[in-house]
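Asks: Sending over protein30.txt (compact mmCIF, N, CA and C atoms).
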```
# COMPACT_ATOMS: atom_id res chain seq x y z
N LEU A 1 -68.56 -9.65 139.99
CA LEU A 1 -69.83 -10.22 139.54
C LEU A 1 -70.58 -10.88 140.70
N SER A 2 -69.84 -11.57 141.57
CA SER A 2 -70.50 -12.21 142.71
C SER A 2 -71.06 -11.15 143.66
N GLN A 3 -70.34 -10.03 143.79
CA GLN A 3 -70.86 -8.93 144.63
C GLN A 3 -72.13 -8.36 144.00
N PHE A 4 -72.12 -8.27 142.69
CA PHE A 4 -73.29 -7.75 142.00
C PHE A 4 -74.49 -8.68 142.22
N LYS A 5 -74.25 -10.00 142.12
CA LYS A 5 -75.32 -10.97 142.36
C LYS A 5 -75.82 -10.87 143.80
N LEU A 6 -74.87 -10.74 144.73
CA LEU A 6 -75.24 -10.60 146.14
C LEU A 6 -76.08 -9.35 146.34
N LYS A 7 -75.66 -8.28 145.71
CA LYS A 7 -76.39 -7.01 145.82
C LYS A 7 -77.80 -7.16 145.23
N CYS A 8 -77.88 -7.87 144.11
CA CYS A 8 -79.20 -8.11 143.49
C CYS A 8 -80.11 -8.91 144.42
N GLU A 9 -79.54 -9.91 145.09
CA GLU A 9 -80.32 -10.70 146.03
C GLU A 9 -80.79 -9.84 147.20
N GLU A 10 -79.92 -8.96 147.67
CA GLU A 10 -80.30 -8.05 148.75
C GLU A 10 -81.44 -7.13 148.29
N LEU A 11 -81.33 -6.65 147.07
CA LEU A 11 -82.37 -5.78 146.53
C LEU A 11 -83.70 -6.53 146.37
N GLU A 12 -83.62 -7.81 145.99
CA GLU A 12 -84.83 -8.60 145.87
C GLU A 12 -85.51 -8.77 147.23
N VAL A 13 -84.72 -9.00 148.26
CA VAL A 13 -85.26 -9.13 149.62
C VAL A 13 -85.91 -7.81 150.03
N GLU A 14 -85.19 -6.73 149.77
CA GLU A 14 -85.72 -5.40 150.14
C GLU A 14 -87.00 -5.09 149.37
N LEU A 15 -87.02 -5.44 148.10
CA LEU A 15 -88.21 -5.23 147.29
C LEU A 15 -89.38 -6.05 147.83
N SER A 16 -89.12 -7.27 148.24
CA SER A 16 -90.16 -8.13 148.81
C SER A 16 -90.73 -7.51 150.08
N GLU A 17 -89.85 -6.95 150.91
CA GLU A 17 -90.31 -6.30 152.15
C GLU A 17 -91.18 -5.09 151.81
N LYS A 18 -90.77 -4.34 150.81
CA LYS A 18 -91.54 -3.14 150.44
C LYS A 18 -92.89 -3.51 149.87
N VAL A 19 -92.94 -4.58 149.11
CA VAL A 19 -94.22 -5.06 148.58
C VAL A 19 -95.12 -5.46 149.73
N SER A 20 -94.55 -6.11 150.73
CA SER A 20 -95.32 -6.51 151.91
C SER A 20 -95.88 -5.27 152.62
N LYS A 21 -95.06 -4.23 152.73
CA LYS A 21 -95.54 -3.00 153.37
C LYS A 21 -96.65 -2.35 152.54
N LEU A 22 -96.51 -2.40 151.22
CA LEU A 22 -97.56 -1.83 150.36
C LEU A 22 -98.88 -2.59 150.53
N VAL A 23 -98.79 -3.90 150.70
CA VAL A 23 -99.99 -4.72 150.94
C VAL A 23 -100.63 -4.30 152.26
N GLU A 24 -99.79 -4.06 153.28
CA GLU A 24 -100.32 -3.60 154.57
C GLU A 24 -101.01 -2.25 154.41
N ARG A 25 -100.39 -1.36 153.64
CA ARG A 25 -101.00 -0.04 153.43
C ARG A 25 -102.32 -0.14 152.69
N GLN A 26 -102.37 -1.06 151.74
CA GLN A 26 -103.63 -1.25 151.01
C GLN A 26 -104.71 -1.74 151.97
N SER A 27 -104.34 -2.60 152.90
CA SER A 27 -105.29 -3.07 153.91
C SER A 27 -105.79 -1.90 154.74
N ALA A 28 -104.89 -1.00 155.12
CA ALA A 28 -105.30 0.18 155.88
C ALA A 28 -106.23 1.05 155.04
N SER A 29 -105.91 1.16 153.76
CA SER A 29 -106.77 1.94 152.86
C SER A 29 -108.16 1.32 152.78
N ASP A 30 -108.20 0.00 152.73
CA ASP A 30 -109.50 -0.70 152.70
C ASP A 30 -110.29 -0.43 153.98
N GLU A 31 -109.58 -0.39 155.12
CA GLU A 31 -110.25 -0.08 156.38
C GLU A 31 -110.83 1.33 156.36
N ILE A 32 -110.09 2.27 155.81
CA ILE A 32 -110.57 3.65 155.71
C ILE A 32 -111.82 3.68 154.84
N LEU A 33 -111.80 2.97 153.74
CA LEU A 33 -112.96 2.91 152.85
C LEU A 33 -114.16 2.33 153.60
N GLN A 34 -113.92 1.29 154.40
CA GLN A 34 -115.01 0.70 155.19
C GLN A 34 -115.58 1.72 156.17
N MET A 35 -114.69 2.54 156.77
CA MET A 35 -115.16 3.57 157.70
C MET A 35 -116.03 4.60 156.97
N LYS A 36 -115.63 4.94 155.73
CA LYS A 36 -116.44 5.88 154.94
C LYS A 36 -117.81 5.29 154.66
N LEU A 37 -117.84 4.00 154.33
CA LEU A 37 -119.13 3.36 154.07
C LEU A 37 -119.99 3.34 155.33
N THR A 38 -119.36 3.10 156.47
CA THR A 38 -120.08 3.12 157.74
C THR A 38 -120.65 4.52 158.00
N GLN A 39 -119.84 5.54 157.68
CA GLN A 39 -120.32 6.92 157.87
C GLN A 39 -121.51 7.20 156.95
N LYS A 40 -121.44 6.70 155.71
CA LYS A 40 -122.57 6.88 154.79
C LYS A 40 -123.82 6.21 155.35
N ASP A 41 -123.65 5.01 155.95
CA ASP A 41 -124.79 4.32 156.57
C ASP A 41 -125.36 5.16 157.71
N SER A 42 -124.49 5.78 158.49
CA SER A 42 -124.94 6.63 159.59
C SER A 42 -125.69 7.84 159.06
N ASP A 43 -125.16 8.43 157.98
CA ASP A 43 -125.84 9.56 157.34
C ASP A 43 -127.24 9.14 156.86
N LYS A 44 -127.32 7.94 156.29
CA LYS A 44 -128.61 7.43 155.81
C LYS A 44 -129.57 7.25 156.99
N GLU A 45 -129.07 6.70 158.09
CA GLU A 45 -129.91 6.51 159.27
C GLU A 45 -130.40 7.85 159.81
N LEU A 46 -129.53 8.85 159.80
CA LEU A 46 -129.92 10.18 160.27
C LEU A 46 -131.01 10.75 159.37
N THR A 47 -130.85 10.58 158.07
CA THR A 47 -131.87 11.04 157.12
C THR A 47 -133.20 10.33 157.38
N GLN A 48 -133.13 9.02 157.65
CA GLN A 48 -134.35 8.28 157.94
C GLN A 48 -135.00 8.77 159.24
N LEU A 49 -134.17 9.09 160.23
CA LEU A 49 -134.70 9.62 161.49
C LEU A 49 -135.38 10.97 161.26
N LYS A 50 -134.77 11.82 160.46
CA LYS A 50 -135.37 13.12 160.16
C LYS A 50 -136.71 12.94 159.44
N SER A 51 -136.75 11.98 158.51
CA SER A 51 -137.99 11.69 157.80
C SER A 51 -139.06 11.20 158.77
N LYS A 52 -138.64 10.33 159.69
CA LYS A 52 -139.58 9.81 160.69
C LYS A 52 -140.08 10.94 161.60
N ILE A 53 -139.20 11.88 161.93
CA ILE A 53 -139.60 13.03 162.75
C ILE A 53 -140.69 13.82 162.02
N LYS A 54 -140.48 14.06 160.74
CA LYS A 54 -141.47 14.81 159.96
C LYS A 54 -142.80 14.07 159.92
N GLU A 55 -142.74 12.74 159.74
CA GLU A 55 -143.96 11.95 159.73
C GLU A 55 -144.68 12.05 161.08
N LEU A 56 -143.90 11.95 162.15
CA LEU A 56 -144.50 12.05 163.48
C LEU A 56 -145.08 13.44 163.73
N GLU A 57 -144.41 14.48 163.23
CA GLU A 57 -144.93 15.83 163.39
C GLU A 57 -146.25 16.01 162.64
N VAL A 58 -146.32 15.43 161.43
CA VAL A 58 -147.57 15.48 160.67
C VAL A 58 -148.67 14.72 161.42
N LEU A 59 -148.29 13.56 161.92
CA LEU A 59 -149.25 12.75 162.67
C LEU A 59 -149.72 13.48 163.93
N LEU A 60 -148.78 14.08 164.63
CA LEU A 60 -149.13 14.82 165.84
C LEU A 60 -150.03 16.02 165.52
N SER A 61 -149.72 16.67 164.43
CA SER A 61 -150.54 17.82 164.01
C SER A 61 -151.98 17.38 163.71
N ALA A 62 -152.11 16.28 163.00
CA ALA A 62 -153.44 15.77 162.66
C ALA A 62 -154.20 15.35 163.93
N THR A 63 -153.48 14.76 164.86
CA THR A 63 -154.11 14.32 166.11
C THR A 63 -154.59 15.52 166.92
N ARG A 64 -153.77 16.58 166.96
CA ARG A 64 -154.19 17.80 167.70
C ARG A 64 -155.48 18.38 167.12
N LYS A 65 -155.55 18.42 165.80
CA LYS A 65 -156.76 18.97 165.15
C LYS A 65 -157.98 18.15 165.51
N GLN A 66 -157.82 16.84 165.48
CA GLN A 66 -158.94 15.95 165.82
C GLN A 66 -159.37 16.16 167.28
N LEU A 67 -158.41 16.30 168.16
CA LEU A 67 -158.74 16.52 169.57
C LEU A 67 -159.46 17.86 169.77
N ASP A 68 -159.03 18.87 169.04
CA ASP A 68 -159.68 20.18 169.16
C ASP A 68 -161.15 20.11 168.71
N GLU A 69 -161.42 19.36 167.65
CA GLU A 69 -162.80 19.22 167.18
C GLU A 69 -163.65 18.47 168.21
N GLN A 70 -163.07 17.46 168.81
CA GLN A 70 -163.82 16.69 169.81
C GLN A 70 -164.02 17.50 171.09
N SER A 71 -163.11 18.44 171.36
CA SER A 71 -163.22 19.19 172.61
C SER A 71 -164.48 20.04 172.68
N THR A 72 -165.00 20.49 171.53
CA THR A 72 -166.24 21.27 171.55
C THR A 72 -167.43 20.42 171.99
N GLN A 73 -167.40 19.14 171.73
CA GLN A 73 -168.50 18.24 172.09
C GLN A 73 -168.28 17.59 173.45
N HIS A 74 -167.07 17.32 173.80
CA HIS A 74 -166.78 16.59 175.03
C HIS A 74 -165.68 17.30 175.80
N ALA A 75 -166.00 18.36 176.46
CA ALA A 75 -165.01 19.22 177.12
C ALA A 75 -164.19 18.44 178.16
N ASN A 76 -164.82 17.76 179.06
CA ASN A 76 -164.08 17.05 180.11
C ASN A 76 -163.22 15.92 179.54
N GLU A 77 -163.81 15.13 178.67
CA GLU A 77 -163.07 14.02 178.08
C GLU A 77 -161.92 14.52 177.22
N SER A 78 -162.17 15.58 176.51
CA SER A 78 -161.14 16.16 175.66
C SER A 78 -159.95 16.67 176.48
N GLU A 79 -160.20 17.24 177.64
CA GLU A 79 -159.12 17.74 178.48
C GLU A 79 -158.21 16.61 178.93
N LYS A 80 -158.82 15.48 179.33
CA LYS A 80 -158.03 14.32 179.72
C LYS A 80 -157.19 13.80 178.55
N LEU A 81 -157.81 13.71 177.38
CA LEU A 81 -157.10 13.24 176.19
C LEU A 81 -155.94 14.17 175.83
N ARG A 82 -156.17 15.47 175.96
CA ARG A 82 -155.13 16.45 175.64
C ARG A 82 -153.93 16.29 176.58
N GLU A 83 -154.21 16.09 177.85
CA GLU A 83 -153.11 15.91 178.80
C GLU A 83 -152.30 14.65 178.45
N GLN A 84 -153.00 13.57 178.12
CA GLN A 84 -152.30 12.34 177.72
C GLN A 84 -151.49 12.56 176.44
N PHE A 85 -152.11 13.24 175.52
CA PHE A 85 -151.44 13.51 174.24
C PHE A 85 -150.17 14.35 174.45
N GLU A 86 -150.25 15.38 175.26
CA GLU A 86 -149.09 16.24 175.50
C GLU A 86 -147.95 15.45 176.14
N GLN A 87 -148.31 14.54 177.05
CA GLN A 87 -147.27 13.71 177.66
C GLN A 87 -146.62 12.79 176.62
N GLN A 88 -147.45 12.19 175.78
CA GLN A 88 -146.92 11.33 174.71
C GLN A 88 -146.06 12.14 173.75
N LEU A 89 -146.52 13.34 173.46
CA LEU A 89 -145.75 14.21 172.56
C LEU A 89 -144.39 14.54 173.16
N LYS A 90 -144.37 14.87 174.44
CA LYS A 90 -143.09 15.17 175.11
C LYS A 90 -142.18 13.95 175.09
N SER A 91 -142.75 12.80 175.37
CA SER A 91 -141.94 11.56 175.36
C SER A 91 -141.40 11.29 173.95
N ALA A 92 -142.27 11.43 172.97
CA ALA A 92 -141.84 11.18 171.58
C ALA A 92 -140.77 12.19 171.16
N GLN A 93 -140.96 13.45 171.51
CA GLN A 93 -139.97 14.47 171.17
C GLN A 93 -138.65 14.19 171.87
N GLU A 94 -138.71 13.77 173.11
CA GLU A 94 -137.48 13.46 173.86
C GLU A 94 -136.77 12.26 173.23
N GLU A 95 -137.55 11.24 172.86
CA GLU A 95 -136.96 10.07 172.21
C GLU A 95 -136.31 10.47 170.88
N LEU A 96 -137.02 11.30 170.12
CA LEU A 96 -136.48 11.75 168.83
C LEU A 96 -135.24 12.61 169.04
N ARG A 97 -135.26 13.47 170.03
CA ARG A 97 -134.11 14.33 170.32
C ARG A 97 -132.91 13.46 170.72
N THR A 98 -133.16 12.48 171.58
CA THR A 98 -132.09 11.58 172.01
C THR A 98 -131.52 10.79 170.83
N ALA A 99 -132.40 10.26 169.99
CA ALA A 99 -131.96 9.49 168.82
C ALA A 99 -131.16 10.37 167.86
N THR A 100 -131.62 11.59 167.65
CA THR A 100 -130.92 12.51 166.76
C THR A 100 -129.55 12.87 167.32
N GLN A 101 -129.47 13.13 168.61
CA GLN A 101 -128.18 13.45 169.24
C GLN A 101 -127.23 12.26 169.15
N SER A 102 -127.76 11.08 169.38
CA SER A 102 -126.92 9.88 169.32
C SER A 102 -126.38 9.68 167.90
N ALA A 103 -127.23 9.85 166.91
CA ALA A 103 -126.78 9.70 165.52
C ALA A 103 -125.73 10.75 165.17
N ALA A 104 -125.94 11.98 165.62
CA ALA A 104 -124.97 13.05 165.35
C ALA A 104 -123.64 12.74 166.03
N GLN A 105 -123.68 12.22 167.26
CA GLN A 105 -122.44 11.87 167.96
C GLN A 105 -121.71 10.73 167.23
N GLN A 106 -122.47 9.76 166.75
CA GLN A 106 -121.85 8.66 166.02
C GLN A 106 -121.18 9.17 164.75
N ILE A 107 -121.86 10.07 164.05
CA ILE A 107 -121.29 10.64 162.82
C ILE A 107 -120.03 11.43 163.15
N ASP A 108 -120.08 12.25 164.20
CA ASP A 108 -118.90 13.01 164.60
C ASP A 108 -117.74 12.09 164.95
N SER A 109 -118.03 11.04 165.70
CA SER A 109 -116.99 10.09 166.11
C SER A 109 -116.38 9.39 164.89
N LEU A 110 -117.23 8.95 163.99
CA LEU A 110 -116.73 8.29 162.78
C LEU A 110 -115.92 9.25 161.92
N THR A 111 -116.37 10.49 161.85
CA THR A 111 -115.63 11.49 161.07
C THR A 111 -114.26 11.73 161.67
N ARG A 112 -114.19 11.88 163.00
CA ARG A 112 -112.89 12.08 163.66
C ARG A 112 -111.99 10.87 163.45
N THR A 113 -112.55 9.67 163.61
CA THR A 113 -111.76 8.45 163.43
C THR A 113 -111.22 8.36 162.01
N LEU A 114 -112.07 8.69 161.05
CA LEU A 114 -111.67 8.66 159.64
C LEU A 114 -110.57 9.69 159.37
N GLU A 115 -110.69 10.88 159.92
CA GLU A 115 -109.68 11.91 159.72
C GLU A 115 -108.34 11.50 160.33
N ILE A 116 -108.39 10.91 161.51
CA ILE A 116 -107.16 10.46 162.17
C ILE A 116 -106.51 9.34 161.36
N ALA A 117 -107.31 8.37 160.93
CA ALA A 117 -106.78 7.26 160.15
C ALA A 117 -106.19 7.75 158.83
N LYS A 118 -106.87 8.70 158.22
CA LYS A 118 -106.38 9.25 156.95
C LYS A 118 -105.06 9.97 157.17
N ALA A 119 -104.97 10.78 158.21
CA ALA A 119 -103.73 11.51 158.50
C ALA A 119 -102.60 10.54 158.81
N ASP A 120 -102.87 9.51 159.59
CA ASP A 120 -101.85 8.50 159.91
C ASP A 120 -101.39 7.78 158.65
N TYR A 121 -102.34 7.43 157.82
CA TYR A 121 -102.02 6.73 156.58
C TYR A 121 -101.15 7.61 155.68
N LEU A 122 -101.53 8.86 155.51
CA LEU A 122 -100.76 9.76 154.65
C LEU A 122 -99.38 10.04 155.23
N ASP A 123 -99.28 10.17 156.54
CA ASP A 123 -98.00 10.39 157.19
C ASP A 123 -97.08 9.19 156.97
N GLN A 124 -97.62 7.99 157.17
CA GLN A 124 -96.82 6.78 156.97
C GLN A 124 -96.41 6.64 155.51
N ARG A 125 -97.30 6.97 154.63
CA ARG A 125 -97.01 6.88 153.20
C ARG A 125 -95.88 7.82 152.83
N LEU A 126 -95.89 9.04 153.38
CA LEU A 126 -94.84 10.01 153.12
C LEU A 126 -93.51 9.51 153.68
N LYS A 127 -93.53 8.98 154.90
CA LYS A 127 -92.30 8.44 155.49
C LYS A 127 -91.74 7.30 154.66
N ASP A 128 -92.61 6.40 154.22
CA ASP A 128 -92.18 5.27 153.41
C ASP A 128 -91.60 5.75 152.08
N GLN A 129 -92.24 6.76 151.49
CA GLN A 129 -91.75 7.29 150.22
C GLN A 129 -90.38 7.92 150.40
N GLU A 130 -90.19 8.65 151.49
CA GLU A 130 -88.89 9.27 151.76
C GLU A 130 -87.83 8.19 151.97
N LEU A 131 -88.20 7.14 152.70
CA LEU A 131 -87.27 6.04 152.93
C LEU A 131 -86.90 5.35 151.62
N CYS A 132 -87.88 5.14 150.77
CA CYS A 132 -87.64 4.52 149.46
C CYS A 132 -86.73 5.41 148.61
N ASP A 133 -87.05 6.70 148.59
CA ASP A 133 -86.24 7.65 147.81
C ASP A 133 -84.81 7.66 148.31
N SER A 134 -84.62 7.65 149.61
CA SER A 134 -83.29 7.64 150.20
C SER A 134 -82.56 6.36 149.84
N ARG A 135 -83.25 5.24 149.92
CA ARG A 135 -82.63 3.95 149.61
C ARG A 135 -82.27 3.87 148.13
N ILE A 136 -83.13 4.36 147.27
CA ILE A 136 -82.85 4.37 145.83
C ILE A 136 -81.61 5.21 145.56
N GLN A 137 -81.54 6.39 146.18
CA GLN A 137 -80.39 7.26 145.98
C GLN A 137 -79.12 6.57 146.47
N SER A 138 -79.19 5.91 147.61
CA SER A 138 -78.04 5.20 148.17
C SER A 138 -77.61 4.08 147.23
N LEU A 139 -78.58 3.35 146.71
CA LEU A 139 -78.26 2.26 145.78
C LEU A 139 -77.66 2.79 144.50
N ARG A 140 -78.14 3.91 144.03
CA ARG A 140 -77.58 4.54 142.83
C ARG A 140 -76.12 4.92 143.07
N GLU A 141 -75.88 5.50 144.24
CA GLU A 141 -74.51 5.89 144.56
C GLU A 141 -73.61 4.66 144.67
N GLU A 142 -74.09 3.59 145.28
CA GLU A 142 -73.32 2.37 145.40
C GLU A 142 -73.07 1.76 144.02
N LEU A 143 -74.09 1.78 143.18
CA LEU A 143 -73.95 1.26 141.83
C LEU A 143 -72.95 2.10 141.04
N GLY A 144 -73.02 3.43 141.22
CA GLY A 144 -72.08 4.32 140.53
C GLY A 144 -70.65 4.04 141.00
N ALA A 145 -70.49 3.84 142.29
CA ALA A 145 -69.16 3.55 142.85
C ALA A 145 -68.69 2.18 142.36
N ALA A 146 -69.59 1.22 142.27
CA ALA A 146 -69.22 -0.12 141.81
C ALA A 146 -68.83 -0.09 140.34
N ASN A 147 -69.47 0.73 139.57
CA ASN A 147 -69.17 0.83 138.13
C ASN A 147 -67.88 1.59 137.89
N SER A 148 -67.43 2.38 138.85
CA SER A 148 -66.21 3.18 138.65
C SER A 148 -64.95 2.36 138.69
```
Translate this file's structure into structure tokens.

Replies:
Amino acid sequence: LSQFKLKCEELEVELSEKVSKLVERQSASDEILQMKLTQKDSDKELTQLKSKIKELEVLLSATRKQLDEQSTQHANESEKLREQFEQQLKSAQEELRTATQSAAQQIDSLTRTLEIAKADYLDQRLKDQELCDSRIQSLREELGAANS
């Protein structure tokens, strides 16, 4: 009976350790969820950038039309304005291209990080489950031997 009590105490300690590990795993799961939320925020930012690009394209299109109408009346002045506009357009397109590439890289990086964290989490979970299963089987065998 004293051995049984001792064994029960050992099992309680082991159970406490396993609960602690489960709490750690839950924390890791929460971190993964936070990464997913961050990725969603990045996706939203990318969508906003695309929307802004479309707005700028509409704005640029309207500006070109206006410049073309003015060019019939003011040829020299219109040529100077067109050159300035083209430079601004190139700068804006380059800024938009850079921002889009940066957002895409951030999304790729977050996706890779999330995939790695998920794989690590699942691998650790499988190892822990195998360890638990092995320990349960061992305890069953010890209990069976003790009962014999």

Asks: For range 101-107 of chain A, please output as a PyMOL selection string all residues within 8 Å (counting only C-alpha atoms; exclusion window: fewer than 3 positions along the same chain).

Replies: chain A and resi 39+42-43+45-46+97-98+110-111

Asks: Can you pull out the residues contacting range 14-17 of chain A? Cut-off 12 Å, using only C-alpha atoms, and skip same-chain residues under 3 positions away; I want them as a VMD selection string.

Replies: chain A and resid 7 to 11 20 to 24 128 131 to 132 135 to 136 139

Asks: If you measure from atom C of Tyr121 in chain A to CA of Asp41 in chain A, what distance in Å do you get, rounded to one decimal?

Replies: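 These two atoms are separated by 23.9 Å.
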
Asks: Could you please give me, as an MDAnalysis selection string, the residues of protein, DNA or RNA lying at most 8 Å from (-156.5, 16.6, 177.2) in the coordinate frame of the file, considering only C-alpha atoms?

Replies: chainID A and resid 67 77:86

Asks: Contacts of Ile32 in chain A at 12 Å or less, counting only C-alpha atoms, minus same-chain residues fewer than 5 places along, as a list in words?

Replies: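 The residues that qualify are Arg25, Gln26, Ser27, Leu37, Thr38, Gln39, Leu110, Thr111, Arg112, Thr113, Leu114, Glu115, Ile116, Ala117, Lys118, Ala119, Asp120, Tyr121 and Leu122 of chain A.
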
Asks: Expressed in Å to a single decimal, how great is the separation between CA of Gln48 in chain A and atom C of Leu96 in chain A?

Replies: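 Atom C of Leu96 in chain A lies at a distance of 11.9 Å from CA of Gln48 in chain A.
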